[in-house]
$ cat start_27.tsv   # TSV, C-alpha atoms (C1' of nucleotides)
chain	number	residue	atom	x	y	z
A	124	MET	CA	184.57	56.47	21.88
A	125	PRO	CA	181.69	54.09	21.72
A	126	LEU	CA	183.21	50.62	21.56
A	127	THR	CA	186.15	48.87	23.08
A	128	SER	CA	188.60	47.73	20.46
A	129	GLN	CA	188.32	44.30	21.98
A	130	THR	CA	184.59	44.24	21.43
A	131	ARG	CA	184.98	45.52	17.91
A	132	GLU	CA	187.40	42.76	17.11
A	133	ARG	CA	185.22	40.18	18.69
A	134	LEU	CA	182.17	41.37	16.89
A	135	THR	CA	183.80	41.56	13.49
A	136	ALA	CA	185.31	38.13	13.95
A	137	GLY	CA	181.91	36.84	14.94
A	138	ILE	CA	180.30	38.38	11.92
A	139	ALA	CA	182.93	36.97	9.62
A	140	ARG	CA	182.39	33.55	11.08
A	141	LEU	CA	178.65	33.83	10.82
A	142	VAL	CA	178.82	34.98	7.21
A	143	ARG	CA	181.00	32.00	6.48
A	144	ALA	CA	178.76	29.59	8.29
A	145	GLY	CA	175.73	31.04	6.56
A	146	ARG	CA	177.24	30.62	3.16
A	147	HIS	CA	178.19	27.13	4.09
A	148	VAL	CA	174.74	26.16	5.23
A	149	SER	CA	173.04	27.67	2.25
A	150	SER	CA	175.26	25.86	-0.19
A	151	ARG	CA	175.05	22.52	1.60
A	152	ALA	CA	171.39	22.55	2.29
A	153	ALA	CA	170.36	24.46	-0.78
A	154	ASP	CA	167.60	22.12	-1.83
A	155	SER	CA	165.96	21.77	1.52
A	156	LEU	CA	166.20	25.47	2.30
A	157	TYR	CA	165.22	27.13	-0.92
A	158	GLY	CA	162.57	24.85	-2.30
A	159	GLU	CA	161.44	26.08	-5.70
A	160	LEU	CA	163.73	29.04	-5.62
A	161	PRO	CA	167.09	29.14	-7.32
A	162	SER	CA	169.78	30.04	-4.83
A	163	PHE	CA	169.80	33.69	-5.75
A	164	GLY	CA	166.04	33.97	-5.85
A	165	TRP	CA	165.53	35.07	-2.29
A	166	ALA	CA	167.63	38.17	-2.66
A	167	LEU	CA	165.60	39.37	-5.61
A	168	LEU	CA	162.13	38.24	-4.68
A	169	VAL	CA	162.10	39.75	-1.23
A	170	PRO	CA	162.56	43.32	-2.45
A	171	LEU	CA	159.92	42.66	-5.08
A	172	GLU	CA	157.51	41.49	-2.44
A	173	ARG	CA	158.27	44.34	-0.11
A	174	ASP	CA	158.44	47.23	-2.53
A	175	GLY	CA	156.26	45.97	-5.35
A	176	GLU	CA	156.81	46.26	-9.05
A	177	GLN	CA	160.03	47.94	-9.96
A	178	ARG	CA	162.67	48.06	-12.59
A	179	CYS	CA	165.76	45.99	-12.91
A	180	SER	CA	168.17	48.68	-11.83
A	181	ALA	CA	166.22	49.42	-8.67
A	182	LEU	CA	166.18	45.75	-7.89
A	183	ALA	CA	169.92	45.52	-8.39
A	184	LEU	CA	170.46	48.45	-6.09
A	185	ARG	CA	168.27	47.02	-3.39
A	186	SER	CA	169.83	43.62	-3.43
A	187	GLY	CA	173.32	45.01	-3.68
A	188	ILE	CA	174.41	43.44	-6.94
A	189	ASP	CA	175.46	44.75	-10.27
A	190	VAL	CA	172.79	45.52	-12.84
A	191	SER	CA	174.23	43.00	-15.22
A	192	VAL	CA	173.88	40.27	-12.64
A	193	ALA	CA	170.36	41.32	-11.82
A	194	SER	CA	169.49	41.29	-15.49
A	195	ARG	CA	170.60	37.70	-15.91
A	196	GLN	CA	168.96	36.53	-12.73
A	197	VAL	CA	165.70	38.22	-13.56
A	198	THR	CA	165.79	36.52	-16.93
A	199	ALA	CA	166.20	33.18	-15.20
A	200	LEU	CA	163.42	33.89	-12.75
A	201	GLU	CA	161.18	34.94	-15.56
A	202	ARG	CA	161.84	31.72	-17.40
A	203	SER	CA	160.86	29.83	-14.27
A	204	GLY	CA	157.71	31.87	-14.02
A	205	LEU	CA	158.55	33.33	-10.64
A	206	VAL	CA	158.49	36.91	-11.83
A	207	GLU	CA	156.70	38.69	-14.62
A	208	ARG	CA	157.95	41.51	-16.71
A	209	ARG	CA	156.23	44.17	-18.66
A	210	PRO	CA	157.58	47.16	-20.52
A	211	ASP	CA	157.52	50.36	-18.54
A	212	PRO	CA	154.68	52.41	-20.06
A	213	HIS	CA	156.56	55.61	-19.37
A	214	ASP	CA	159.97	54.56	-20.62
A	215	GLY	CA	160.56	52.35	-23.60
A	216	ARG	CA	164.00	51.34	-22.41
A	217	ALA	CA	162.97	49.97	-19.07
A	218	SER	CA	160.81	47.11	-17.99
A	219	LEU	CA	159.01	46.57	-14.74
A	220	ILE	CA	159.48	43.39	-12.79
A	221	ARG	CA	156.71	42.01	-10.68
A	222	LEU	CA	156.38	39.02	-8.40
A	223	SER	CA	154.14	36.39	-9.95
A	224	ALA	CA	151.74	34.25	-8.00
A	225	ALA	CA	154.15	31.35	-8.34
A	226	GLY	CA	156.92	33.60	-7.11
A	227	ALA	CA	154.97	34.58	-4.04
A	228	ALA	CA	154.19	30.96	-3.37
A	229	ALA	CA	157.82	29.96	-3.75
A	230	LEU	CA	158.79	32.73	-1.38
A	231	ALA	CA	156.30	31.52	1.18
A	232	GLN	CA	157.51	27.98	0.77
A	233	THR	CA	161.12	29.00	1.24
A	234	ARG	CA	160.19	30.98	4.28
A	235	ALA	CA	158.43	27.97	5.75
A	236	LEU	CA	161.30	25.65	4.95
A	237	ARG	CA	163.72	27.97	6.59
A	238	ALA	CA	161.59	28.40	9.63
A	239	GLU	CA	161.27	24.68	9.94
A	240	TRP	CA	164.97	24.19	9.59
A	241	ALA	CA	165.59	26.94	12.08
A	242	GLY	CA	163.34	25.09	14.45
A	243	GLU	CA	165.81	22.27	14.75
A	244	ALA	CA	168.92	24.37	14.49
A	245	LEU	CA	167.74	26.73	17.17
A	246	ALA	CA	166.39	24.33	19.67
A	247	GLY	CA	167.71	25.58	22.97
A	248	TRP	CA	166.93	29.18	22.17
A	249	ASP	CA	164.15	30.89	23.94
A	250	GLU	CA	161.85	33.39	22.37
A	251	ASP	CA	163.32	36.41	24.09
A	252	ASP	CA	166.88	35.75	23.06
A	253	ALA	CA	165.87	34.99	19.52
A	254	ARG	CA	163.82	38.12	19.23
A	255	LEU	CA	166.58	40.20	20.73
A	256	LEU	CA	169.07	38.71	18.32
A	257	SER	CA	166.77	39.44	15.42
A	258	GLU	CA	166.57	43.06	16.40
A	259	LEU	CA	170.26	43.43	16.87
A	260	ILE	CA	171.02	41.70	13.60
A	261	GLU	CA	168.63	43.91	11.73
A	262	ARG	CA	170.16	46.98	13.23
A	263	LEU	CA	173.63	45.70	12.50
A	264	THR	CA	172.82	44.92	8.90
A	265	ASP	CA	171.37	48.36	8.41
A	266	ASP	CA	174.51	49.96	9.76
A	267	LEU	CA	176.70	47.71	7.67
A	268	GLY	CA	174.79	48.63	4.58
A	269	ARG	CA	175.10	52.25	5.43
A	270	ALA	CA	178.84	51.99	6.00
A	271	ALA	CA	179.43	50.26	2.67
A	272	PRO	CA	177.81	52.36	-0.01
A	273	PRO	CA	176.03	50.27	-2.63
A	274	ALA	CA	178.45	51.06	-5.40
A	275	VAL	CA	181.34	53.28	-6.42
A	276	ARG	CA	183.94	52.22	-3.94
A	277	SER	CA	187.60	52.95	-4.43
A	278	ALA	CA	186.82	55.91	-6.66
A	279	PRO	CA	188.57	58.39	-4.40
A	280	VAL	CA	188.26	62.08	-3.99
A	281	THR	CA	189.69	63.00	-7.37
A	282	ALA	CA	186.63	64.27	-9.14
A	283	PRO	CA	187.50	64.88	-12.79
B	339	MET	CA	158.17	24.31	21.17
B	340	PRO	CA	160.80	26.90	21.76
B	341	LEU	CA	160.32	29.56	19.10
B	342	THR	CA	157.43	31.27	17.44
B	343	SER	CA	157.36	30.59	13.76
B	344	GLN	CA	157.23	34.31	13.26
B	345	THR	CA	160.44	34.76	15.15
B	346	ARG	CA	162.08	31.93	13.29
B	347	GLU	CA	161.18	33.50	9.98
B	348	ARG	CA	162.34	36.86	11.10
B	349	LEU	CA	165.61	35.52	12.39
B	350	THR	CA	166.38	33.47	9.32
B	351	ALA	CA	165.54	36.37	7.06
B	352	GLY	CA	167.78	38.58	9.16
B	353	ILE	CA	170.61	36.11	8.97
B	354	ALA	CA	170.25	35.76	5.24
B	355	ARG	CA	170.36	39.49	4.85
B	356	LEU	CA	173.36	39.81	7.11
B	357	VAL	CA	175.23	37.09	5.29
B	358	ARG	CA	174.54	38.89	2.08
B	359	ALA	CA	175.59	42.23	3.44
B	360	GLY	CA	178.71	40.73	4.92
B	361	ARG	CA	179.72	39.18	1.66
B	362	HIS	CA	179.02	42.43	-0.02
B	363	VAL	CA	181.14	44.45	2.35
B	364	SER	CA	184.01	42.05	2.25
B	365	SER	CA	184.13	42.03	-1.52
B	366	ARG	CA	183.78	45.78	-1.86
B	367	ALA	CA	186.19	46.75	0.81
B	368	ALA	CA	188.54	43.81	0.42
B	369	ASP	CA	191.72	45.84	0.35
B	370	SER	CA	190.99	47.99	3.33
B	371	LEU	CA	189.66	45.13	5.40
B	372	TYR	CA	192.09	42.34	4.75
B	373	GLY	CA	195.40	44.12	4.40
B	374	GLU	CA	198.13	41.64	3.51
B	375	LEU	CA	195.78	38.72	3.57
B	376	PRO	CA	194.17	37.25	0.49
B	377	SER	CA	190.45	37.20	0.93
B	378	PHE	CA	190.32	33.59	2.01
B	379	GLY	CA	193.28	33.96	4.35
B	380	TRP	CA	191.29	34.79	7.43
B	381	ALA	CA	189.35	31.56	7.39
B	382	LEU	CA	192.50	29.48	7.33
B	383	LEU	CA	194.82	31.50	9.49
B	384	VAL	CA	192.48	31.85	12.42
B	385	PRO	CA	192.23	28.10	13.04
B	386	LEU	CA	195.98	27.87	12.66
B	387	GLU	CA	196.46	30.55	15.25
B	388	ARG	CA	193.96	29.06	17.63
B	389	ASP	CA	194.78	25.39	17.35
B	390	GLY	CA	198.40	25.51	16.27
B	391	GLU	CA	200.18	23.40	13.72
B	392	GLN	CA	197.92	20.94	11.97
B	393	ARG	CA	197.45	19.14	8.74
B	394	CYS	CA	195.62	20.25	5.69
B	395	SER	CA	192.61	18.05	6.17
B	396	ALA	CA	192.07	19.24	9.73
B	397	LEU	CA	192.28	22.78	8.51
B	398	ALA	CA	189.74	22.12	5.82
B	399	LEU	CA	187.40	20.58	8.33
B	400	ARG	CA	187.71	23.47	10.72
B	401	SER	CA	187.16	26.13	8.13
B	402	GLY	CA	184.36	24.23	6.51
B	403	ILE	CA	185.75	23.87	3.03
B	404	ASP	CA	186.71	20.97	0.86
B	405	VAL	CA	190.18	19.51	1.25
B	406	SER	CA	190.97	20.33	-2.34
B	407	VAL	CA	190.18	23.97	-1.79
B	408	ALA	CA	192.21	24.04	1.39
B	409	SER	CA	195.11	22.48	-0.43
B	410	ARG	CA	195.13	25.19	-3.06
B	411	GLN	CA	194.72	27.98	-0.57
B	412	VAL	CA	197.44	26.67	1.66
B	413	THR	CA	199.72	26.53	-1.33
B	414	ALA	CA	198.94	30.15	-2.06
B	415	LEU	CA	199.47	31.20	1.53
B	416	GLU	CA	202.74	29.33	1.59
B	417	ARG	CA	203.92	31.11	-1.52
B	418	SER	CA	203.11	34.41	0.17
B	419	GLY	CA	205.05	33.33	3.23
B	420	LEU	CA	202.08	33.52	5.57
B	421	VAL	CA	202.21	29.87	6.54
B	422	GLU	CA	204.97	27.31	6.69
B	423	ARG	CA	204.77	23.67	5.91
B	424	ARG	CA	206.81	20.71	6.96
B	425	PRO	CA	206.34	17.00	6.37
B	426	ASP	CA	204.61	15.17	9.15
B	427	PRO	CA	207.33	13.13	10.86
B	428	HIS	CA	204.86	10.37	11.65
B	429	ASP	CA	203.17	10.13	8.30
B	430	GLY	CA	204.91	10.53	5.00
B	431	ARG	CA	201.72	11.43	3.19
B	432	ALA	CA	200.76	14.36	5.32
B	433	SER	CA	202.31	17.71	5.99
B	434	LEU	CA	201.84	20.03	8.90
B	435	ILE	CA	200.87	23.64	8.36
B	436	ARG	CA	201.98	26.30	10.75
B	437	LEU	CA	201.37	30.03	10.99
B	438	SER	CA	204.52	31.97	10.12
B	439	ALA	CA	205.57	35.17	11.81
B	440	ALA	CA	204.43	37.08	8.77
B	441	GLY	CA	201.13	35.26	8.93
B	442	ALA	CA	200.60	36.20	12.54
B	443	ALA	CA	201.44	39.79	11.71
B	444	ALA	CA	199.03	39.83	8.79
B	445	LEU	CA	196.35	38.41	11.01
B	446	ALA	CA	196.93	41.10	13.59
B	447	GLN	CA	196.86	43.75	10.92
B	448	THR	CA	193.63	42.47	9.49
B	449	ARG	CA	192.15	42.36	12.94
B	450	ALA	CA	193.14	45.97	13.51
B	451	LEU	CA	191.82	47.10	10.15
B	452	ARG	CA	188.52	45.45	10.80
B	453	ALA	CA	188.24	46.89	14.24
B	454	GLU	CA	188.97	50.31	12.87
B	455	TRP	CA	186.41	49.93	10.16
B	456	ALA	CA	183.90	48.64	12.66
B	457	GLY	CA	184.53	51.75	14.66
B	458	GLU	CA	182.95	53.90	11.97
B	459	ALA	CA	180.32	51.43	10.91
B	460	LEU	CA	179.17	50.87	14.45
B	461	ALA	CA	179.11	54.37	15.74
B	462	GLY	CA	175.85	54.60	17.58
B	463	TRP	CA	176.30	51.26	19.27
B	464	ASP	CA	177.07	51.10	22.90
B	465	GLU	CA	179.36	48.61	24.50
B	466	ASP	CA	176.64	46.56	26.13
B	467	ASP	CA	174.63	46.01	22.97
B	468	ALA	CA	177.71	45.16	20.98
B	469	ARG	CA	178.92	42.69	23.54
B	470	LEU	CA	175.51	41.13	23.78
B	471	LEU	CA	175.30	40.83	20.03
B	472	SER	CA	178.73	39.24	19.94
B	473	GLU	CA	177.65	36.62	22.40
B	474	LEU	CA	174.44	35.86	20.61
B	475	ILE	CA	176.16	35.68	17.26
B	476	GLU	CA	178.76	33.30	18.58
B	477	ARG	CA	176.12	31.09	20.05
B	478	LEU	CA	174.10	31.24	16.86
B	479	THR	CA	177.07	30.35	14.71
B	480	ASP	CA	177.88	27.40	16.91
B	481	ASP	CA	174.34	26.12	16.60
B	482	LEU	CA	174.32	26.68	12.88
B	483	GLY	CA	177.54	24.75	12.51
B	484	ARG	CA	176.13	21.97	14.59
B	485	ALA	CA	172.95	21.82	12.56
B	486	ALA	CA	174.81	21.63	9.27
B	487	PRO	CA	177.38	18.90	9.61
B	488	PRO	CA	180.64	19.68	7.85
B	489	ALA	CA	180.09	17.15	5.11
B	490	VAL	CA	177.91	14.27	3.97
B	491	ARG	CA	174.54	15.89	3.85
B	492	SER	CA	171.61	14.26	2.09
B	493	ALA	CA	172.78	10.83	3.17
B	494	PRO	CA	169.69	10.07	5.21
B	495	VAL	CA	168.97	7.65	7.97
B	496	THR	CA	169.58	4.50	5.97
B	497	ALA	CA	172.65	3.19	7.68
B	498	PRO	CA	174.03	0.30	5.65
C	1208	DG	C1'	167.58	66.90	-35.35
C	1209	DT	C1'	171.73	65.94	-32.97
C	1210	DA	C1'	174.46	64.90	-28.95
C	1211	DG	C1'	174.75	63.15	-24.75
C	1212	DT	C1'	172.64	60.29	-21.15
C	1213	DC	C1'	170.24	56.38	-19.25
C	1214	DG	C1'	168.36	51.42	-18.83
C	1215	DG	C1'	169.42	47.00	-19.99
C	1216	DT	C1'	171.82	43.10	-22.34
C	1217	DT	C1'	175.68	40.46	-23.56
C	1218	DG	C1'	180.70	39.10	-23.53
C	1219	DT	C1'	184.50	38.17	-20.81
C	1220	DA	C1'	186.95	37.27	-16.80
C	1221	DG	C1'	188.05	36.15	-11.95
C	1222	DA	C1'	187.24	34.29	-7.23
C	1223	DC	C1'	185.53	30.58	-4.85
C	1224	DG	C1'	183.81	26.16	-4.09
C	1225	DG	C1'	182.87	21.05	-4.99
C	1226	DC	C1'	183.54	16.42	-7.09
C	1227	DA	C1'	186.23	12.88	-9.28
C	1228	DA	C1'	190.43	10.95	-10.58
C	1229	DC	C1'	194.78	10.17	-9.33
C	1230	DC	C1'	199.28	9.25	-6.75
C	1231	DA	C1'	201.95	8.06	-2.96
C	1232	DA	C1'	202.28	6.43	1.57
C	1233	DC	C1'	200.42	3.66	5.08
C	1234	DC	C1'	198.56	-0.58	7.16
C	1235	DA	C1'	196.71	-5.16	7.76
C	1236	DA	C1'	196.19	-9.68	6.55
C	1237	DA	C1'	197.57	-13.66	4.19
D	226	DT	C1'	206.65	-10.04	2.06
D	227	DT	C1'	203.60	-9.34	-1.08
D	228	DT	C1'	199.07	-7.84	-1.75
D	229	DG	C1'	194.88	-5.31	-1.31
D	230	DG	C1'	192.48	-1.78	0.71
D	231	DT	C1'	192.58	2.86	3.04
D	232	DT	C1'	194.02	7.52	3.76
D	233	DG	C1'	196.14	12.32	2.86
D	234	DG	C1'	196.86	15.39	-0.60
D	235	DT	C1'	197.05	17.27	-5.36
D	236	DT	C1'	195.24	18.29	-9.72
D	237	DG	C1'	191.76	18.76	-13.47
D	238	DC	C1'	187.40	20.13	-14.56
D	239	DC	C1'	183.14	22.24	-13.78
D	240	DG	C1'	179.36	25.26	-11.80
D	241	DT	C1'	178.02	29.44	-9.40
D	242	DC	C1'	178.18	34.15	-8.40
D	243	DT	C1'	180.01	38.39	-9.25
D	244	DA	C1'	182.00	42.57	-11.60
D	245	DC	C1'	183.50	45.40	-15.47
D	246	DA	C1'	183.35	46.86	-20.28
D	247	DA	C1'	181.29	47.30	-24.61
D	248	DC	C1'	177.31	47.85	-26.79
D	249	DC	C1'	172.35	49.06	-28.35
D	250	DG	C1'	168.13	51.25	-28.31
D	251	DA	C1'	165.30	54.76	-26.18
D	252	DC	C1'	164.99	59.08	-24.01
D	253	DT	C1'	166.08	64.23	-23.35
D	254	DA	C1'	168.11	68.81	-23.77
D	255	DC	C1'	169.54	71.94	-26.65
$ encode --input "start_27.tsv" --output "structure tokens"
Amino acid sequence: MPLTSQTRERLTAGIARLVRAGRHVSSRAADSLYGELPSFGWALLVPLERDGEQRCSALALRSGIDVSVASRQVTALERSGLVERRPDPHDGRASLIRLSAAGAAALAQTRALRAEWAGEALAGWDEDDARLLSELIERLTDDLGRAAPPAVRSAPVTAP
Amino acid sequence: MPLTSQTRERLTAGIARLVRAGRHVSSRAADSLYGELPSFGWALLVPLERDGEQRCSALALRSGIDVSVASRQVTALERSGLVERRPDPHDGRASLIRLSAAGAAALAQTRALRAEWAGEALAGWDEDDARLLSELIERLTDDLGRAAPPAVRSAPVTAP
DNA sequence: GTAGTCGGTTGTAGACGGCAACCAACCAAA
DNA sequence: TTTGGTTGGTTGCCGTCTACAACCGACTAC
């Protein structure tokens, strides 16, 4: 019996509110927060940067979206020159997506913009609290991701 | 100079990821997390519960959405019987929105469902960490809300 | 080779949000 | 009291993000 129900409610309410606020901020301040990146760019480019060249489906899995969505977004990013694509030498169906130099630059720029913005928004925070919060948030997100399997929800026990 | 740029980047990245994961969870598990409530219900009903009867525009402001959106959502909630609406006695243009009994019940149910879900997702957390995280998240959300004014962005310093 | 599977693309649809136009009620000033 | 401007809300239209389904070409197992 790890958590008080009160704490669970409080935490989930807090998360819901934060998610809302986050969405809000990122839609309002899109230009000044994303820079060169289209709004969805972050979610795709970060896995590319972290895990290197990979195929569309892997990317979709990692960023938690449907393959069809990833396909379209990758197309858009490719048109903007932020990612590059080459056919998978081992599999004629697949292609491999890679972060381009421009993509890496855009990512860095976005990161800087965000950090700058966070500087004003988080005045009044001290380093320790912020670092602690980072850790807790990372842990939380991991657990959340684990609790909500990437796909195939609501396909109950009835295996055909 | 309160925060290291490294910490700011880490924190913003963490928030972005959490926002994403949160959205993801709430769309996947909508049924089992919201219960009677439509997906947007939470955001409107909570302010109603906390601050009592109020008009549509106030509600929109509090939940950080456009008045037009609030108007539509309130209409939907009214049709489902979760809120009630009466004309403002002091102003013939406005109406006052109030949480109905069914609305309060739905809110409680949603709260319970979430808490239950959080119970599994957050196994491995102890009370202290969770409470600490709650506090930090609340503080963070407040600061975020403060940094991103509810409306009228990109209208810089040039006061007329 | 043929049948089934897998990776990706495209079509369609729905939820959510904003902006602009509009209407009705309010208010202030002539 | 009429008139002009303001305010609260609704509606129409659009853009974004997402999923699901149908499809196509390439792979693989038999």
$ calpha_fit_and_write --input "start_27.tsv" --fixed "chain B" --moving "chain A" --output "tab-separated table (two decimals) with C-alpha atoms, keeping the file's coordinate frame"
chain	number	residue	atom	x	y	z
A	124	MET	CA	158.07	24.77	21.80
A	125	PRO	CA	160.83	27.26	22.26
A	126	LEU	CA	160.35	29.86	19.55
A	127	THR	CA	157.45	31.56	17.89
A	128	SER	CA	157.32	30.80	14.20
A	129	GLN	CA	157.23	34.52	13.65
A	130	THR	CA	160.48	34.99	15.51
A	131	ARG	CA	162.07	32.11	13.68
A	132	GLU	CA	161.15	33.63	10.37
A	133	ARG	CA	162.35	37.00	11.41
A	134	LEU	CA	165.60	35.67	12.68
A	135	THR	CA	166.34	33.55	9.64
A	136	ALA	CA	165.49	36.43	7.35
A	137	GLY	CA	167.77	38.63	9.38
A	138	ILE	CA	170.57	36.14	9.19
A	139	ALA	CA	170.15	35.74	5.47
A	140	ARG	CA	170.30	39.47	5.04
A	141	LEU	CA	173.32	39.79	7.25
A	142	VAL	CA	175.16	37.02	5.43
A	143	ARG	CA	174.42	38.81	2.20
A	144	ALA	CA	175.50	42.16	3.50
A	145	GLY	CA	178.65	40.63	4.94
A	146	ARG	CA	179.59	39.05	1.67
A	147	HIS	CA	178.91	42.31	-0.02
A	148	VAL	CA	181.08	44.33	2.29
A	149	SER	CA	183.93	41.90	2.17
A	150	SER	CA	183.99	41.85	-1.59
A	151	ARG	CA	183.66	45.61	-1.97
A	152	ALA	CA	186.10	46.59	0.67
A	153	ALA	CA	188.41	43.65	0.28
A	154	ASP	CA	191.60	45.64	0.12
A	155	SER	CA	190.93	47.88	3.05
A	156	LEU	CA	189.62	45.05	5.22
A	157	TYR	CA	192.03	42.25	4.58
A	158	GLY	CA	195.32	44.01	4.18
A	159	GLU	CA	198.03	41.50	3.31
A	160	LEU	CA	195.68	38.60	3.44
A	161	PRO	CA	194.06	37.07	0.40
A	162	SER	CA	190.31	37.02	0.80
A	163	PHE	CA	190.21	33.45	2.00
A	164	GLY	CA	193.15	33.85	4.32
A	165	TRP	CA	191.21	34.74	7.42
A	166	ALA	CA	189.25	31.53	7.45
A	167	LEU	CA	192.40	29.44	7.39
A	168	LEU	CA	194.74	31.50	9.50
A	169	VAL	CA	192.42	31.90	12.44
A	170	PRO	CA	192.17	28.17	13.14
A	171	LEU	CA	195.92	27.93	12.74
A	172	GLU	CA	196.42	30.66	15.28
A	173	ARG	CA	193.93	29.23	17.70
A	174	ASP	CA	194.74	25.55	17.48
A	175	GLY	CA	198.36	25.65	16.38
A	176	GLU	CA	200.10	23.49	13.85
A	177	GLN	CA	197.84	21.03	12.17
A	178	ARG	CA	197.35	19.16	8.99
A	179	CYS	CA	195.49	20.20	5.92
A	180	SER	CA	192.49	17.99	6.47
A	181	ALA	CA	191.98	19.26	10.01
A	182	LEU	CA	192.19	22.78	8.72
A	183	ALA	CA	189.62	22.04	6.05
A	184	LEU	CA	187.30	20.57	8.62
A	185	ARG	CA	187.63	23.51	10.94
A	186	SER	CA	187.04	26.10	8.32
A	187	GLY	CA	184.23	24.15	6.75
A	188	ILE	CA	185.61	23.70	3.26
A	189	ASP	CA	186.57	20.77	1.17
A	190	VAL	CA	190.06	19.35	1.52
A	191	SER	CA	190.81	20.08	-2.09
A	192	VAL	CA	190.01	23.73	-1.58
A	193	ALA	CA	192.08	23.88	1.56
A	194	SER	CA	194.97	22.27	-0.26
A	195	ARG	CA	194.99	24.93	-2.95
A	196	GLN	CA	194.56	27.78	-0.53
A	197	VAL	CA	197.30	26.53	1.73
A	198	THR	CA	199.56	26.32	-1.29
A	199	ALA	CA	198.79	29.94	-2.08
A	200	LEU	CA	199.35	31.04	1.49
A	201	GLU	CA	202.60	29.18	1.57
A	202	ARG	CA	203.76	30.91	-1.57
A	203	SER	CA	202.98	34.23	0.07
A	204	GLY	CA	204.92	33.19	3.11
A	205	LEU	CA	201.98	33.44	5.47
A	206	VAL	CA	202.11	29.81	6.50
A	207	GLU	CA	204.87	27.26	6.68
A	208	ARG	CA	204.66	23.60	5.99
A	209	ARG	CA	206.70	20.70	7.09
A	210	PRO	CA	206.24	16.99	6.57
A	211	ASP	CA	204.53	15.24	9.43
A	212	PRO	CA	207.30	13.27	11.18
A	213	HIS	CA	204.85	10.53	12.06
A	214	ASP	CA	203.13	10.19	8.71
A	215	GLY	CA	204.85	10.51	5.38
A	216	ARG	CA	201.64	11.33	3.58
A	217	ALA	CA	200.67	14.31	5.64
A	218	SER	CA	202.21	17.68	6.22
A	219	LEU	CA	201.75	20.05	9.09
A	220	ILE	CA	200.77	23.63	8.48
A	221	ARG	CA	201.91	26.35	10.80
A	222	LEU	CA	201.32	30.07	10.97
A	223	SER	CA	204.46	31.97	10.05
A	224	ALA	CA	205.54	35.19	11.67
A	225	ALA	CA	204.37	37.06	8.59
A	226	GLY	CA	201.08	35.23	8.81
A	227	ALA	CA	200.58	36.25	12.40
A	228	ALA	CA	201.42	39.80	11.52
A	229	ALA	CA	199.00	39.81	8.61
A	230	LEU	CA	196.33	38.42	10.89
A	231	ALA	CA	196.94	41.16	13.41
A	232	GLN	CA	196.87	43.76	10.69
A	233	THR	CA	193.59	42.46	9.32
A	234	ARG	CA	192.14	42.42	12.77
A	235	ALA	CA	193.16	46.03	13.28
A	236	LEU	CA	191.81	47.09	9.92
A	237	ARG	CA	188.53	45.47	10.65
A	238	ALA	CA	188.29	46.97	14.06
A	239	GLU	CA	189.01	50.36	12.62
A	240	TRP	CA	186.42	49.93	9.94
A	241	ALA	CA	183.96	48.68	12.49
A	242	GLY	CA	184.61	51.83	14.44
A	243	GLU	CA	183.00	53.93	11.76
A	244	ALA	CA	180.36	51.44	10.76
A	245	LEU	CA	179.26	50.95	14.32
A	246	ALA	CA	179.23	54.46	15.54
A	247	GLY	CA	175.99	54.76	17.45
A	248	TRP	CA	176.45	51.44	19.18
A	249	ASP	CA	177.25	51.36	22.80
A	250	GLU	CA	179.55	48.88	24.41
A	251	ASP	CA	176.83	46.87	26.10
A	252	ASP	CA	174.80	46.28	22.99
A	253	ALA	CA	177.85	45.39	20.98
A	254	ARG	CA	179.07	42.95	23.56
A	255	LEU	CA	175.65	41.40	23.88
A	256	LEU	CA	175.42	41.04	20.13
A	257	SER	CA	178.83	39.42	20.03
A	258	GLU	CA	177.75	36.85	22.55
A	259	LEU	CA	174.53	36.09	20.81
A	260	ILE	CA	176.21	35.83	17.44
A	261	GLU	CA	178.81	33.47	18.77
A	262	ARG	CA	176.17	31.30	20.31
A	263	LEU	CA	174.13	31.40	17.14
A	264	THR	CA	177.07	30.46	14.97
A	265	ASP	CA	177.88	27.55	17.21
A	266	ASP	CA	174.34	26.26	16.97
A	267	LEU	CA	174.29	26.76	13.23
A	268	GLY	CA	177.47	24.82	12.87
A	269	ARG	CA	176.08	22.09	15.00
A	270	ALA	CA	172.87	21.90	12.99
A	271	ALA	CA	174.72	21.65	9.68
A	272	PRO	CA	177.22	18.85	9.98
A	273	PRO	CA	180.56	19.68	8.37
A	274	ALA	CA	180.20	17.21	5.55
A	275	VAL	CA	178.17	14.29	4.26
A	276	ARG	CA	174.83	15.93	3.76
A	277	SER	CA	172.15	14.39	1.61
A	278	ALA	CA	173.58	10.92	2.12
A	279	PRO	CA	170.42	9.59	3.71
A	280	VAL	CA	169.76	6.69	5.97
A	281	THR	CA	170.52	4.00	3.42
A	282	ALA	CA	173.74	2.61	4.76
A	283	PRO	CA	175.15	0.15	2.23
$ interface_residues --input "start_27.tsv" --of "chain A" --to "chain D" --cutoff "8 Å" --atoms "all atoms listed in the file" --output "count of residues only"
6
$ closest_residue --input "start_27.tsv" --among "B:Val363, B:Leu415, B:Leu371, B:Val384" --to "B:Glu454" --atoms "all atoms listed in the file"
B:Leu371
$ interface_residues --input "start_27.tsv" --of "chain C" --to "chain B" --cutoff "12 Å" --atoms "only C-alpha atoms (C1' of nucleotides)" --output "list in words"
DA1222, DC1223, DG1224, DG1225, DC1226, DA1227, DC1230, DA1231, DA1232, DC1233 and DC1234 of chain C
$ interface_residues --input "start_27.tsv" --of "chain B" --to "chain A" --cutoff "6 Å" --atoms "all atoms listed in the file" --output "list in words"
Pro340, Leu341, Arg346, Glu347, Leu349, Gly352, Leu356, Val357, Ala453, Ala459, Asp464, Glu465, Ser472, Glu476, Thr479 and Ala485 of chain B
